[in-house]
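Only one structure is covered here, and it is reproduced in the block below.
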Amino acid sequence: MKHLSQERASFLLTVAGRIVPEIREMDPDGISRFFGIVDGALGGRPRKARRQFGAFLGVVRWLGLPRWGMPFERLDDDRQDRVLRWLQRCPVRVLRQGFWALRTIVFMAYYGQPEVWPSLGYEPRWDGNEALHA
Amino acid sequence: MREVKADIVIVGSGAGGGTVANELAPLCADGIRIIVFEQGPRLRDDELTGREVEMAQRLYFESGGMLTHDRSMTLAWARAYGGSTTVYTGTSMVVPGHVIEAWNVPGLRWDDVRERSKKYLEENNVHLLEERLINENNRLFVKGCTALGYRVRQFPVNVEGCRGLGLCNLGCPNGAKRGTHRVQLPAAERQGVEVVTNATVSSVTKRRCLVTVAHREIGEPSSWEPGEYRVTARVVVVAGNAVNSPVLLFRSGFGEYLPALGRGITLHPALILAAEHDHPLTNFFGFPKSYFTDEFREDGRFLLETCMYYPFTTAKNLNGFGAEHSSFMKGFRSMQQILVLALDDPADTNRVEVGRHGEPVVRYRLGRNVLDSLHASMKTAARIFFAAGARRVHVPAGTTFTIGTADAGRLDDLVPRSNVRPGGMSISSAHLMGGCRMGADEKTSVTDAWGQVHGIPWLFVADSSLFPRCSEVNPYVTVMALADRVAQRVRERFKELAS
Ligand SMILES: Cc1cc2nc3c(=O)[nH]c(=O)nc-3n(C[C@H](O)[C@H](O)[C@H](O)COP(=O)(O)OP(=O)(O)OC[C@H]3O[C@@H](n4cnc5c(N)ncnc54)[C@H](O)[C@@H]3O)c2cc1C
Ligand code: SF4
């Protein structure tokens with residue numbers, strides 16, 4: 001990963017597994033494709049946006065500390081979801097938007113993989129019009 | 001810095017720039033040198049892979065994820081030979097008369113815009129798709145609207161040899177959509193217009209354009225060597241789109257003389273809505289967008305159109321996360337989708353500016369009226385989904401992730417207006433308009449009714465930035481019609497401007 005430290009990247013994967021549960025079952029090739037897309041996406045963003053993304057991951061990590069006394073990755077699934085749900089509806093717009101950006105990048109890195117599409121039944125074909133009457 | 005002499009420079013090769021290039025191309029026969037500079041690449045056919053993330057990176061500015069300054073909306077436009085016409089769906093609408101009336105530009109008449117629009121409908125092979133090419137996603141929209149008594153209309157589209165891949169917004173790999181990259185630009189090049197790709201114009205002062213040609217890993221190499229160029233021209237036509245044209249004029253120092261520059265942008269803020277049926281549909285096969293309803297144009301200030309997006313775009317547009325989100329995505333084959341376009345009015349808060357590093361900054365506040373429209377449109381779309389037979393509907397502002405048929409009658413309770421908040425749902429725009437609006441008054445507009453920048457006879461604008469208000473229909477045909485006027489004015493005045 002060029003645009004995220006090893007530590008941040010592995011934390012991202014933990015959070016990503018709560019956003020798309022299938023990410024937890026991804027094999028090493030899938031994980032490497034996942035990070036390939038994340039890296040490409042961050043590389044195409046302005047530097048400021050990349051910094052903000054890294055900082056937001058820090059917020060997610062430590063948000064539960066005052067309440068539960070531990071970082072995100074040590075919380076159980078239910079509490080992790082509560083943190084994410086709180087961010088999603090957060091009255092502070094910048095946090096809500098940070099969550100939005102995080103979700104977007106995770107969805108891109110998972111659903112952007114053509115290897116994932118068959119699991120959704122999404123199989124575009126050249127002769128789509130023929131398929132209309134198949 | 002290399003020096004180059006030209007007669008006419010056109011900045012941008014999209015709907016506006018491509019049209020002007022083709023309309024002026026006959027001048028090449030008289031030895032007039034016309035150069036189009038296009039920031040993006042000229043992709044080879046085999047580089048149009050239809051893979052969502054890859055194509056977004058290749059074709060769209062910031063991969064289609066540019067954010068407004070307050071981060072509540074994403075803006076999509078393409079940066080390529082052909083501009084956004086490489087990724088548009090190709091629905092081809094003539095702007096209604098009442099819109100041109102509301103624009104209130106002295107010297108701009110609807111019958112003129114209509115006649116020019118018709119010329120482009122013909123040039124782009126616009127027609128209605130045959131019944132047998134309409135997929136179920138589109139048919140269900142008609143079924144839902146009809147059951148509810150809503151007026152529903154078929155979109156004329158500009159395809160030729162469409163095989164129904166459904167990948168229109170990723171650059172049709174089949175070459176079926178008639179964008180400027182397929183029609184106007186090749187025709188212009190055949191007549192002698194030079195199109196230089198990977199070439200960014202950074203300023204246009206005093207008939208001098210500063211141009212940087214870059215090397216890119218993808219696409220055909222640019223016809224010019226990478227490097228810096230100073231290009232002198234007698235006429236400059238700026239057609240970079242509603243964001244880039246104001247930015248280029250600001251960077252060239254015109255902001256000082258043009259108080260309306262960058263102001264009055266409108267975006268047709270859009271939402272993608274989805275519902276699940278109890279059986280697989282033909283949704284991503286076939287041409288994706290064939291119907292719309294303008295039933296709510298006056299009352300609700302929104303349009304509803306059929307659409308079908310790809311997995312990532314769909315996932316991003318659903319609210320929520322985790323198991324419920326994932327299970328909805330697994331029903332992709334059974335998904336029906338509807339696109340909402342809110343009809344927004346220009347506001348003082350909404351404008352294009354230049355950032356500290358010369359980058360575009362779009363300030364746009366989702367006003368109360370637009371949020372009201374989005375709220376009403378979500379409930380209307382949900383009714384259409386249910387009337388079409390959907391078993392559950394995802395409403396981004398809903399109190400639950402999906403609403404089932406049992407609750408179809410409780411939409412007013414389950415979709416509270418208070419849930420419609422900026423930053424709380426995925427709102428995007430692919431219809432960028434305004435920023436160099438036409439008009440007679442130099443204080444409130446940037447160009448006259450023929451696209452000439454006030455007070456600068458050699459400088460023209462010919463793109464979607466000319467719109468004084470939103471078009472209330474999909475805009476590209478209107479962009480072409482206005483660009484056609486600009487080309488006519490340049491032709492008429494060229495001798496005078498050249499001397
Ligand atoms: C996904 C999508 C789907 C759409 N579908 C439809 C549809 O179905 N029907 C419809 O009517 N409209 C549709 N639109 C909108 C339509 O494509 C645009 O309104 C239209 O193309 C705008 O034309 P334009 O000339 O203003 O800009 P564009 O077509 O965007 O072209 C501008 C070009 O200028 C280049 N440029 C900018 N600045 C510079 C610079 N400084 N130097 C060099 N080059 C520069 C850009 O790279 C770009 O290629 C769609 C748009 C998108 C993004
Ligand atoms: S549906 Fe038609 S126009 Fe769209 S990508 Fe497929 S072949 Fe091209």
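In the structure tokens, chains take the letters A, B, ... in the order shown, each chain's residues start at 1, and ligands count up from 1 in the order shown.
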Ligand 1: which residues are within 7 Å, counting only C-alpha atoms and all ligand atoms, as a ChimeraX atom specification?
-> /B:11-17,37-40,76-85,87-93,169,199-202,239-242,244-245,248,430-432,463-465,474-477,479
Can you write just those residues out, N, CA and C atoms, as a short mmCIF file (atom, residue, chain, number, x, y, z; two decimals), in the first residue's frame?
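And here is the file that came out, result-v6.cif:
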```
data_model
loop_
_atom_site.label_atom_id
_atom_site.label_comp_id
_atom_site.auth_asym_id
_atom_site.auth_seq_id
_atom_site.Cartn_x
_atom_site.Cartn_y
_atom_site.Cartn_z
N VAL B 11 -11.25 24.95 -26.35
CA VAL B 11 -10.80 24.26 -25.14
C VAL B 11 -11.88 23.27 -24.72
N GLY B 12 -11.60 21.98 -24.83
CA GLY B 12 -12.58 20.96 -24.44
C GLY B 12 -13.23 20.35 -25.66
N SER B 13 -13.47 19.02 -25.61
CA SER B 13 -14.00 18.33 -26.79
C SER B 13 -15.32 17.61 -26.49
N GLY B 14 -16.04 18.09 -25.47
CA GLY B 14 -17.31 17.45 -25.09
C GLY B 14 -18.47 17.89 -25.97
N ALA B 15 -19.67 17.89 -25.38
CA ALA B 15 -20.86 18.23 -26.15
C ALA B 15 -20.70 19.61 -26.81
N GLY B 16 -20.18 20.58 -26.05
CA GLY B 16 -20.03 21.93 -26.59
C GLY B 16 -18.85 22.04 -27.54
N GLY B 17 -17.66 21.65 -27.06
CA GLY B 17 -16.43 21.81 -27.85
C GLY B 17 -16.46 20.99 -29.13
N PHE B 37 -8.05 21.60 -27.82
CA PHE B 37 -7.23 21.03 -26.75
C PHE B 37 -8.13 20.28 -25.79
N GLU B 38 -7.81 19.05 -25.55
CA GLU B 38 -8.61 18.21 -24.64
C GLU B 38 -7.68 17.63 -23.57
N GLN B 39 -8.07 17.91 -22.34
CA GLN B 39 -7.30 17.46 -21.19
C GLN B 39 -7.19 15.94 -21.09
N GLY B 40 -8.25 15.26 -21.47
CA GLY B 40 -8.29 13.81 -21.28
C GLY B 40 -7.68 13.04 -22.43
N ALA B 76 -20.05 14.35 -11.27
CA ALA B 76 -19.45 13.44 -12.25
C ALA B 76 -19.36 14.12 -13.61
N TRP B 77 -18.15 14.13 -14.16
CA TRP B 77 -18.00 14.48 -15.58
C TRP B 77 -16.79 13.77 -16.12
N ALA B 78 -16.82 13.56 -17.43
CA ALA B 78 -15.72 12.80 -18.02
C ALA B 78 -14.65 13.74 -18.56
N ARG B 79 -13.45 13.19 -18.60
CA ARG B 79 -12.30 13.94 -19.09
C ARG B 79 -11.68 13.04 -20.15
N ALA B 80 -12.07 13.28 -21.39
CA ALA B 80 -11.65 12.37 -22.46
C ALA B 80 -11.94 13.02 -23.81
N TYR B 81 -11.39 12.43 -24.86
CA TYR B 81 -11.76 12.81 -26.23
C TYR B 81 -13.26 12.55 -26.33
N GLY B 82 -14.05 13.63 -26.42
CA GLY B 82 -15.51 13.48 -26.41
C GLY B 82 -16.14 13.96 -25.12
N GLY B 83 -15.31 14.30 -24.13
CA GLY B 83 -15.85 14.82 -22.85
C GLY B 83 -16.89 13.88 -22.27
N SER B 84 -17.89 14.47 -21.65
CA SER B 84 -18.91 13.65 -20.97
C SER B 84 -19.80 12.89 -21.94
N THR B 85 -19.69 13.20 -23.24
CA THR B 85 -20.51 12.42 -24.18
C THR B 85 -19.97 10.99 -24.32
N VAL B 87 -19.50 9.18 -21.77
CA VAL B 87 -20.12 8.40 -20.68
C VAL B 87 -21.61 8.68 -20.53
N TYR B 88 -22.13 9.61 -21.31
CA TYR B 88 -23.56 9.88 -21.10
C TYR B 88 -24.38 8.68 -21.58
N THR B 89 -25.65 8.68 -21.14
CA THR B 89 -26.49 7.55 -21.52
C THR B 89 -27.04 7.77 -22.92
N GLY B 90 -27.15 9.03 -23.32
CA GLY B 90 -27.58 9.31 -24.68
C GLY B 90 -29.06 9.62 -24.81
N THR B 91 -29.74 9.87 -23.69
CA THR B 91 -31.13 10.31 -23.81
C THR B 91 -31.10 11.72 -24.39
N SER B 92 -31.95 11.97 -25.36
CA SER B 92 -31.78 13.17 -26.18
C SER B 92 -33.07 13.99 -26.17
N MET B 93 -33.09 15.04 -25.38
CA MET B 93 -34.30 15.81 -25.16
C MET B 93 -34.16 17.24 -25.67
N ASN B 169 -22.59 4.28 -19.14
CA ASN B 169 -21.89 5.29 -18.34
C ASN B 169 -20.43 4.94 -18.07
N ALA B 199 -4.02 17.42 -23.24
CA ALA B 199 -3.54 18.80 -23.31
C ALA B 199 -4.43 19.70 -22.45
N THR B 200 -3.86 20.23 -21.38
CA THR B 200 -4.62 21.09 -20.48
C THR B 200 -4.29 22.55 -20.73
N VAL B 201 -5.33 23.35 -20.93
CA VAL B 201 -5.14 24.79 -21.10
C VAL B 201 -5.24 25.42 -19.71
N SER B 202 -4.20 26.15 -19.30
CA SER B 202 -4.25 26.70 -17.94
C SER B 202 -4.58 28.19 -17.92
N ALA B 239 -14.84 25.59 -23.79
CA ALA B 239 -15.94 24.61 -23.67
C ALA B 239 -15.51 23.48 -22.73
N GLY B 240 -15.13 23.87 -21.54
CA GLY B 240 -14.58 22.89 -20.58
C GLY B 240 -15.62 22.29 -19.66
N ASN B 241 -16.81 22.79 -19.64
CA ASN B 241 -18.02 22.45 -18.89
C ASN B 241 -18.29 23.46 -17.79
N ALA B 242 -19.39 23.25 -17.06
CA ALA B 242 -19.87 24.27 -16.13
C ALA B 242 -18.92 24.49 -14.95
N ASN B 244 -15.26 23.67 -15.24
CA ASN B 244 -13.92 24.03 -15.75
C ASN B 244 -13.88 25.34 -16.50
N SER B 245 -14.95 25.71 -17.19
CA SER B 245 -14.89 26.97 -17.95
C SER B 245 -14.79 28.18 -17.02
N LEU B 248 -11.26 28.22 -15.64
CA LEU B 248 -10.25 28.68 -16.60
C LEU B 248 -10.30 30.21 -16.74
N ALA B 430 -24.75 14.72 -12.42
CA ALA B 430 -24.07 14.53 -13.71
C ALA B 430 -24.52 15.62 -14.69
N HIS B 431 -25.38 16.52 -14.21
CA HIS B 431 -25.88 17.61 -15.04
C HIS B 431 -25.39 18.93 -14.45
N LEU B 432 -24.20 19.34 -14.84
CA LEU B 432 -23.62 20.57 -14.30
C LEU B 432 -23.99 21.70 -15.24
N ASP B 463 -20.63 25.91 -23.89
CA ASP B 463 -20.89 24.64 -23.18
C ASP B 463 -22.01 24.81 -22.16
N SER B 464 -22.14 23.84 -21.27
CA SER B 464 -23.25 23.84 -20.30
C SER B 464 -23.14 24.99 -19.30
N SER B 465 -22.00 25.66 -19.24
CA SER B 465 -21.89 26.78 -18.31
C SER B 465 -22.74 27.97 -18.77
N ASN B 474 -32.69 16.44 -19.54
CA ASN B 474 -31.30 16.04 -19.72
C ASN B 474 -30.67 17.00 -20.73
N PRO B 475 -29.49 17.52 -20.41
CA PRO B 475 -29.08 18.77 -21.07
C PRO B 475 -28.27 18.71 -22.37
N TYR B 476 -27.76 17.53 -22.80
CA TYR B 476 -26.72 17.62 -23.83
C TYR B 476 -27.19 18.22 -25.15
N VAL B 477 -28.44 17.93 -25.55
CA VAL B 477 -28.91 18.46 -26.85
C VAL B 477 -28.93 20.00 -26.80
N VAL B 479 -26.99 21.84 -24.95
CA VAL B 479 -25.59 22.29 -25.02
C VAL B 479 -25.18 22.38 -26.49
#
```
Identify, on the basis of only C-alpha atoms, every residue whose closest approach to segment 111-127 of chain A does not exceed 8 Å; exclude the query and any residue fewer than 3 positions from it along the same chain; express the result as a VMD selection string.
-> (chain A and resid 33 to 34 37 107 to 108 130 to 131) or (chain B and resid 51 to 53 163 to 166 284 to 285 311 to 312 315 329 to 333)
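Nearest residue to chain A, choosing from B:Leu273, B:Val340, B:Met308, B:Ile265 and counting only C-alpha atoms: B:Met308.
Contacts with ligand 2 are defined as any residue atom within 7 Å of a ligand atom, using only C-alpha atoms and all ligand atoms; the residues meeting this criterion are Thr89, Val159, Gly161, Cys162, Arg163, Gly164, Leu165, Gly166, Leu167, Cys168, Gly171, Cys172, Pro173, Asn174, Gly175, Ala176, Lys177, Gly286, Phe287 and Pro288 of chain B.
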Writer output for current selection, N, CA, C and O atoms, as a PDB file, in the first residue's frame:
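Listing of result_9.pdb after writing:
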```pdb
ATOM      1  N   THR B  89     -25.649   8.679 -21.142  1.00  0.00           N
ATOM      2  CA  THR B  89     -26.494   7.553 -21.521  1.00  0.00           C
ATOM      3  C   THR B  89     -27.041   7.766 -22.921  1.00  0.00           C
ATOM      4  O   THR B  89     -27.386   6.806 -23.606  1.00  0.00           O
ATOM      5  N   VAL B 159     -28.499   5.969 -30.067  1.00  0.00           N
ATOM      6  CA  VAL B 159     -27.601   4.832 -30.276  1.00  0.00           C
ATOM      7  C   VAL B 159     -27.709   4.315 -31.713  1.00  0.00           C
ATOM      8  O   VAL B 159     -28.687   4.577 -32.404  1.00  0.00           O
ATOM      9  N   GLY B 161     -26.570   0.552 -33.477  1.00  0.00           N
ATOM     10  CA  GLY B 161     -25.921  -0.748 -33.289  1.00  0.00           C
ATOM     11  C   GLY B 161     -25.781  -1.119 -31.829  1.00  0.00           C
ATOM     12  O   GLY B 161     -24.858  -1.849 -31.446  1.00  0.00           O
ATOM     13  N   CYS B 162     -26.697  -0.618 -30.983  1.00  0.00           N
ATOM     14  CA  CYS B 162     -26.642  -0.938 -29.552  1.00  0.00           C
ATOM     15  C   CYS B 162     -26.940  -2.423 -29.348  1.00  0.00           C
ATOM     16  O   CYS B 162     -27.919  -2.936 -29.879  1.00  0.00           O
ATOM     17  N   ARG B 163     -26.070  -3.097 -28.573  1.00  0.00           N
ATOM     18  CA  ARG B 163     -26.296  -4.520 -28.325  1.00  0.00           C
ATOM     19  C   ARG B 163     -26.802  -4.792 -26.918  1.00  0.00           C
ATOM     20  O   ARG B 163     -26.868  -5.933 -26.468  1.00  0.00           O
ATOM     21  N   GLY B 164     -27.087  -3.689 -26.211  1.00  0.00           N
ATOM     22  CA  GLY B 164     -27.700  -3.865 -24.898  1.00  0.00           C
ATOM     23  C   GLY B 164     -26.745  -4.334 -23.828  1.00  0.00           C
ATOM     24  O   GLY B 164     -27.123  -5.102 -22.943  1.00  0.00           O
ATOM     25  N   LEU B 165     -25.502  -3.864 -23.870  1.00  0.00           N
ATOM     26  CA  LEU B 165     -24.556  -4.229 -22.813  1.00  0.00           C
ATOM     27  C   LEU B 165     -24.893  -3.567 -21.485  1.00  0.00           C
ATOM     28  O   LEU B 165     -24.485  -4.042 -20.434  1.00  0.00           O
ATOM     29  N   GLY B 166     -25.534  -2.405 -21.581  1.00  0.00           N
ATOM     30  CA  GLY B 166     -25.895  -1.688 -20.364  1.00  0.00           C
ATOM     31  C   GLY B 166     -24.729  -0.982 -19.698  1.00  0.00           C
ATOM     32  O   GLY B 166     -24.803  -0.637 -18.520  1.00  0.00           O
ATOM     33  N   LEU B 167     -23.652  -0.747 -20.417  1.00  0.00           N
ATOM     34  CA  LEU B 167     -22.464  -0.153 -19.795  1.00  0.00           C
ATOM     35  C   LEU B 167     -22.255   1.292 -20.261  1.00  0.00           C
ATOM     36  O   LEU B 167     -21.133   1.793 -20.261  1.00  0.00           O
ATOM     37  N   CYS B 168     -23.344   1.941 -20.644  1.00  0.00           N
ATOM     38  CA  CYS B 168     -23.234   3.257 -21.280  1.00  0.00           C
ATOM     39  C   CYS B 168     -22.402   4.252 -20.464  1.00  0.00           C
ATOM     40  O   CYS B 168     -21.628   5.012 -21.032  1.00  0.00           O
ATOM     41  N   GLY B 171     -18.501   4.228 -20.758  1.00  0.00           N
ATOM     42  CA  GLY B 171     -17.935   4.346 -22.108  1.00  0.00           C
ATOM     43  C   GLY B 171     -18.342   3.103 -22.877  1.00  0.00           C
ATOM     44  O   GLY B 171     -17.788   2.036 -22.649  1.00  0.00           O
ATOM     45  N   CYS B 172     -19.305   3.233 -23.775  1.00  0.00           N
ATOM     46  CA  CYS B 172     -19.854   2.058 -24.470  1.00  0.00           C
ATOM     47  C   CYS B 172     -18.749   1.271 -25.184  1.00  0.00           C
ATOM     48  O   CYS B 172     -18.131   1.780 -26.119  1.00  0.00           O
ATOM     49  N   PRO B 173     -18.464   0.014 -24.757  1.00  0.00           N
ATOM     50  CA  PRO B 173     -17.400  -0.750 -25.409  1.00  0.00           C
ATOM     51  C   PRO B 173     -17.767  -1.147 -26.838  1.00  0.00           C
ATOM     52  O   PRO B 173     -16.926  -1.636 -27.585  1.00  0.00           O
ATOM     53  N   ASN B 174     -19.014  -0.916 -27.200  1.00  0.00           N
ATOM     54  CA  ASN B 174     -19.508  -1.338 -28.494  1.00  0.00           C
ATOM     55  C   ASN B 174     -19.567  -0.180 -29.505  1.00  0.00           C
ATOM     56  O   ASN B 174     -19.969  -0.368 -30.645  1.00  0.00           O
ATOM     57  N   GLY B 175     -19.196   1.007 -29.043  1.00  0.00           N
ATOM     58  CA  GLY B 175     -19.195   2.170 -29.938  1.00  0.00           C
ATOM     59  C   GLY B 175     -20.583   2.571 -30.408  1.00  0.00           C
ATOM     60  O   GLY B 175     -20.739   3.221 -31.440  1.00  0.00           O
ATOM     61  N   ALA B 176     -21.614   2.206 -29.641  1.00  0.00           N
ATOM     62  CA  ALA B 176     -22.980   2.415 -30.137  1.00  0.00           C
ATOM     63  C   ALA B 176     -23.542   3.802 -29.826  1.00  0.00           C
ATOM     64  O   ALA B 176     -24.422   4.275 -30.531  1.00  0.00           O
ATOM     65  N   LYS B 177     -23.043   4.433 -28.796  1.00  0.00           N
ATOM     66  CA  LYS B 177     -23.605   5.750 -28.434  1.00  0.00           C
ATOM     67  C   LYS B 177     -22.997   6.818 -29.318  1.00  0.00           C
ATOM     68  O   LYS B 177     -21.792   6.869 -29.513  1.00  0.00           O
ATOM     69  N   GLY B 286     -29.675  -5.020 -21.711  1.00  0.00           N
ATOM     70  CA  GLY B 286     -30.528  -4.107 -22.471  1.00  0.00           C
ATOM     71  C   GLY B 286     -30.185  -2.652 -22.186  1.00  0.00           C
ATOM     72  O   GLY B 286     -29.510  -2.347 -21.200  1.00  0.00           O
ATOM     73  N   PHE B 287     -30.658  -1.766 -23.050  1.00  0.00           N
ATOM     74  CA  PHE B 287     -30.381  -0.339 -22.870  1.00  0.00           C
ATOM     75  C   PHE B 287     -30.995   0.106 -21.538  1.00  0.00           C
ATOM     76  O   PHE B 287     -32.147  -0.198 -21.248  1.00  0.00           O
ATOM     77  N   PRO B 288     -30.226   0.843 -20.714  1.00  0.00           N
ATOM     78  CA  PRO B 288     -30.674   1.048 -19.329  1.00  0.00           C
ATOM     79  C   PRO B 288     -31.760   2.096 -19.115  1.00  0.00           C
ATOM     80  O   PRO B 288     -32.480   2.041 -18.125  1.00  0.00           O
TER      81      PRO B 288
END
```
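Using only C-alpha atoms, the protein and nucleic acid residues lying no more than 12 Å from Arg24 of chain A, apart from those fewer than 3 places from it along its own chain, are Leu12, Leu13, Thr14, Val15, Ala16, Gly17, Arg18, Ile19, Val20, Pro21, Asp27, Pro28, Gly30, Ile31, Phe34 and Tyr110 of chain A; Gly322 of chain B.
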Deliver the residues from the most recent selection as a file, using all heavy atoms, as a compact mmCIF listing (two decimals), in the first residue's frame.
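Done, and the output landed in selection36.txt:
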```
# COMPACT_ATOMS: atom_id res chain seq x y z
N LEU A 12 -8.31 -0.77 8.58
CA LEU A 12 -9.35 -0.58 7.57
C LEU A 12 -10.04 -1.91 7.25
O LEU A 12 -11.27 -1.98 7.14
CB LEU A 12 -8.74 0.03 6.29
CG LEU A 12 -9.68 0.12 5.08
CD1 LEU A 12 -10.87 1.04 5.37
CD2 LEU A 12 -8.95 0.63 3.84
N LEU A 13 -9.25 -2.97 7.17
CA LEU A 13 -9.83 -4.28 6.84
C LEU A 13 -10.79 -4.74 7.95
O LEU A 13 -11.85 -5.32 7.67
CB LEU A 13 -8.71 -5.29 6.63
CG LEU A 13 -9.09 -6.57 5.90
CD1 LEU A 13 -9.59 -6.27 4.49
CD2 LEU A 13 -7.90 -7.52 5.83
N THR A 14 -10.43 -4.44 9.20
CA THR A 14 -11.32 -4.80 10.31
C THR A 14 -12.66 -4.06 10.18
O THR A 14 -13.73 -4.66 10.28
CB THR A 14 -10.67 -4.40 11.67
OG1 THR A 14 -9.39 -4.98 11.72
CG2 THR A 14 -11.52 -4.81 12.85
N VAL A 15 -12.59 -2.76 9.96
CA VAL A 15 -13.83 -1.98 9.85
C VAL A 15 -14.61 -2.43 8.61
O VAL A 15 -15.84 -2.58 8.66
CB VAL A 15 -13.51 -0.46 9.72
CG1 VAL A 15 -14.79 0.35 9.68
CG2 VAL A 15 -12.64 0.00 10.86
N ALA A 16 -13.88 -2.68 7.52
CA ALA A 16 -14.53 -3.08 6.26
C ALA A 16 -15.34 -4.35 6.46
O ALA A 16 -16.42 -4.51 5.88
CB ALA A 16 -13.48 -3.27 5.17
N GLY A 17 -14.85 -5.25 7.30
CA GLY A 17 -15.56 -6.50 7.56
C GLY A 17 -16.90 -6.29 8.25
O GLY A 17 -17.78 -7.15 8.19
N ARG A 18 -17.08 -5.15 8.91
CA ARG A 18 -18.40 -4.84 9.50
C ARG A 18 -19.30 -4.16 8.45
O ARG A 18 -20.51 -4.24 8.54
CB ARG A 18 -18.28 -3.88 10.70
CG ARG A 18 -17.64 -4.38 11.95
CD ARG A 18 -18.11 -5.71 12.46
NE ARG A 18 -19.54 -5.89 12.66
CZ ARG A 18 -20.14 -7.08 12.62
NH1 ARG A 18 -19.45 -8.18 12.38
NH2 ARG A 18 -21.43 -7.19 12.82
N ILE A 19 -18.68 -3.50 7.49
CA ILE A 19 -19.47 -2.78 6.48
C ILE A 19 -19.99 -3.75 5.42
O ILE A 19 -21.14 -3.71 5.02
CB ILE A 19 -18.63 -1.63 5.87
CG1 ILE A 19 -18.36 -0.59 6.98
CG2 ILE A 19 -19.33 -0.98 4.69
CD1 ILE A 19 -17.49 0.56 6.59
N VAL A 20 -19.10 -4.66 4.99
CA VAL A 20 -19.52 -5.74 4.08
C VAL A 20 -19.06 -7.05 4.73
O VAL A 20 -17.87 -7.38 4.70
CB VAL A 20 -18.86 -5.60 2.68
CG1 VAL A 20 -19.32 -6.72 1.76
CG2 VAL A 20 -19.16 -4.24 2.05
N PRO A 21 -19.96 -7.79 5.35
CA PRO A 21 -19.54 -8.99 6.10
C PRO A 21 -18.72 -9.98 5.27
O PRO A 21 -17.82 -10.63 5.80
CB PRO A 21 -20.87 -9.61 6.53
CG PRO A 21 -21.87 -8.52 6.45
CD PRO A 21 -21.40 -7.54 5.43
N ASP A 27 -10.39 -14.41 0.41
CA ASP A 27 -9.09 -15.10 0.41
C ASP A 27 -7.98 -14.07 0.16
O ASP A 27 -8.26 -12.90 -0.12
CB ASP A 27 -9.09 -16.23 -0.64
CG ASP A 27 -9.29 -15.72 -2.05
OD1 ASP A 27 -9.13 -14.50 -2.27
OD2 ASP A 27 -9.60 -16.53 -2.94
N PRO A 28 -6.72 -14.49 0.28
CA PRO A 28 -5.61 -13.53 0.14
C PRO A 28 -5.65 -12.78 -1.20
O PRO A 28 -5.32 -11.60 -1.25
CB PRO A 28 -4.35 -14.40 0.25
CG PRO A 28 -4.79 -15.59 1.05
CD PRO A 28 -6.23 -15.82 0.70
N GLY A 30 -8.29 -11.97 -2.90
CA GLY A 30 -9.37 -10.98 -2.77
C GLY A 30 -8.89 -9.79 -1.94
O GLY A 30 -9.17 -8.63 -2.27
N ILE A 31 -8.18 -10.10 -0.86
CA ILE A 31 -7.68 -9.01 0.01
C ILE A 31 -6.69 -8.15 -0.76
O ILE A 31 -6.70 -6.92 -0.66
CB ILE A 31 -7.05 -9.60 1.30
CG1 ILE A 31 -8.16 -10.22 2.14
CG2 ILE A 31 -6.30 -8.52 2.09
CD1 ILE A 31 -7.70 -10.96 3.35
N PHE A 34 -8.58 -6.02 -2.99
CA PHE A 34 -9.23 -5.00 -2.16
C PHE A 34 -8.28 -3.82 -1.93
O PHE A 34 -8.61 -2.66 -2.20
CB PHE A 34 -9.65 -5.64 -0.83
CG PHE A 34 -10.29 -4.70 0.15
CD1 PHE A 34 -11.66 -4.53 0.17
CD2 PHE A 34 -9.52 -3.99 1.08
CE1 PHE A 34 -12.26 -3.67 1.09
CE2 PHE A 34 -10.11 -3.13 1.99
CZ PHE A 34 -11.48 -2.97 2.00
N TYR A 110 -14.66 -3.57 -2.61
CA TYR A 110 -15.27 -4.90 -2.63
C TYR A 110 -16.11 -5.10 -3.90
O TYR A 110 -15.80 -5.95 -4.74
CB TYR A 110 -16.11 -5.12 -1.38
CG TYR A 110 -16.73 -6.50 -1.36
CD1 TYR A 110 -15.95 -7.63 -1.10
CD2 TYR A 110 -18.09 -6.69 -1.63
CE1 TYR A 110 -16.50 -8.91 -1.12
CE2 TYR A 110 -18.64 -7.97 -1.65
CZ TYR A 110 -17.85 -9.07 -1.39
OH TYR A 110 -18.39 -10.33 -1.42
N GLY B 322 -23.42 -3.42 6.49
CA GLY B 322 -23.57 -4.68 7.22
C GLY B 322 -24.50 -5.66 6.52
O GLY B 322 -24.75 -5.56 5.31
```
Taking the chain letters and numbering used in this document, name the residues of segment 36-157 of chain B that DSSP puts in strand (DSSP E or B), as number ranges by chain.
-> B: 36-37, 42, 60, 66-67, 74-75, 78, 91, 127, 153-154, 157
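Among the candidate residues A:Trp62, A:Glu25, A:Ala101, A:Met70, the one lying nearest to Arg45 of chain A is A:Ala101, with distances computed using only C-alpha atoms.
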Find the residues around Tyr364 of chain B up to 7 Å (only C-alpha atoms counted), leave out those fewer than 2 positions away in its own chain, and share them as a ChimeraX atom specification.
-> /B:68,349-351,362,366
Long-range neighbours of Arg85 of chain A as a ChimeraX atom specification, 10 Å cut-off, only C-alpha atoms, 5 positions minimum in chain = /A:79-80,90,96,99 /B:320-321
Could you write out the selected residues, including C-alpha atoms, as a compact mmCIF listing (two decimals), in the first residue's frame?
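part.txt, freshly written:
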```txt
# COMPACT_ATOMS: atom_id res chain seq x y z
CA ARG A 79 -20.45 -2.61 19.73
CA GLN A 80 -18.49 -2.13 16.55
CA CYS A 90 -23.93 11.65 13.74
CA ARG A 96 -21.18 11.84 9.11
CA PHE A 99 -18.28 7.77 7.55
CA GLY B 320 -26.58 1.65 5.71
CA PHE B 321 -24.05 -1.15 5.90
```
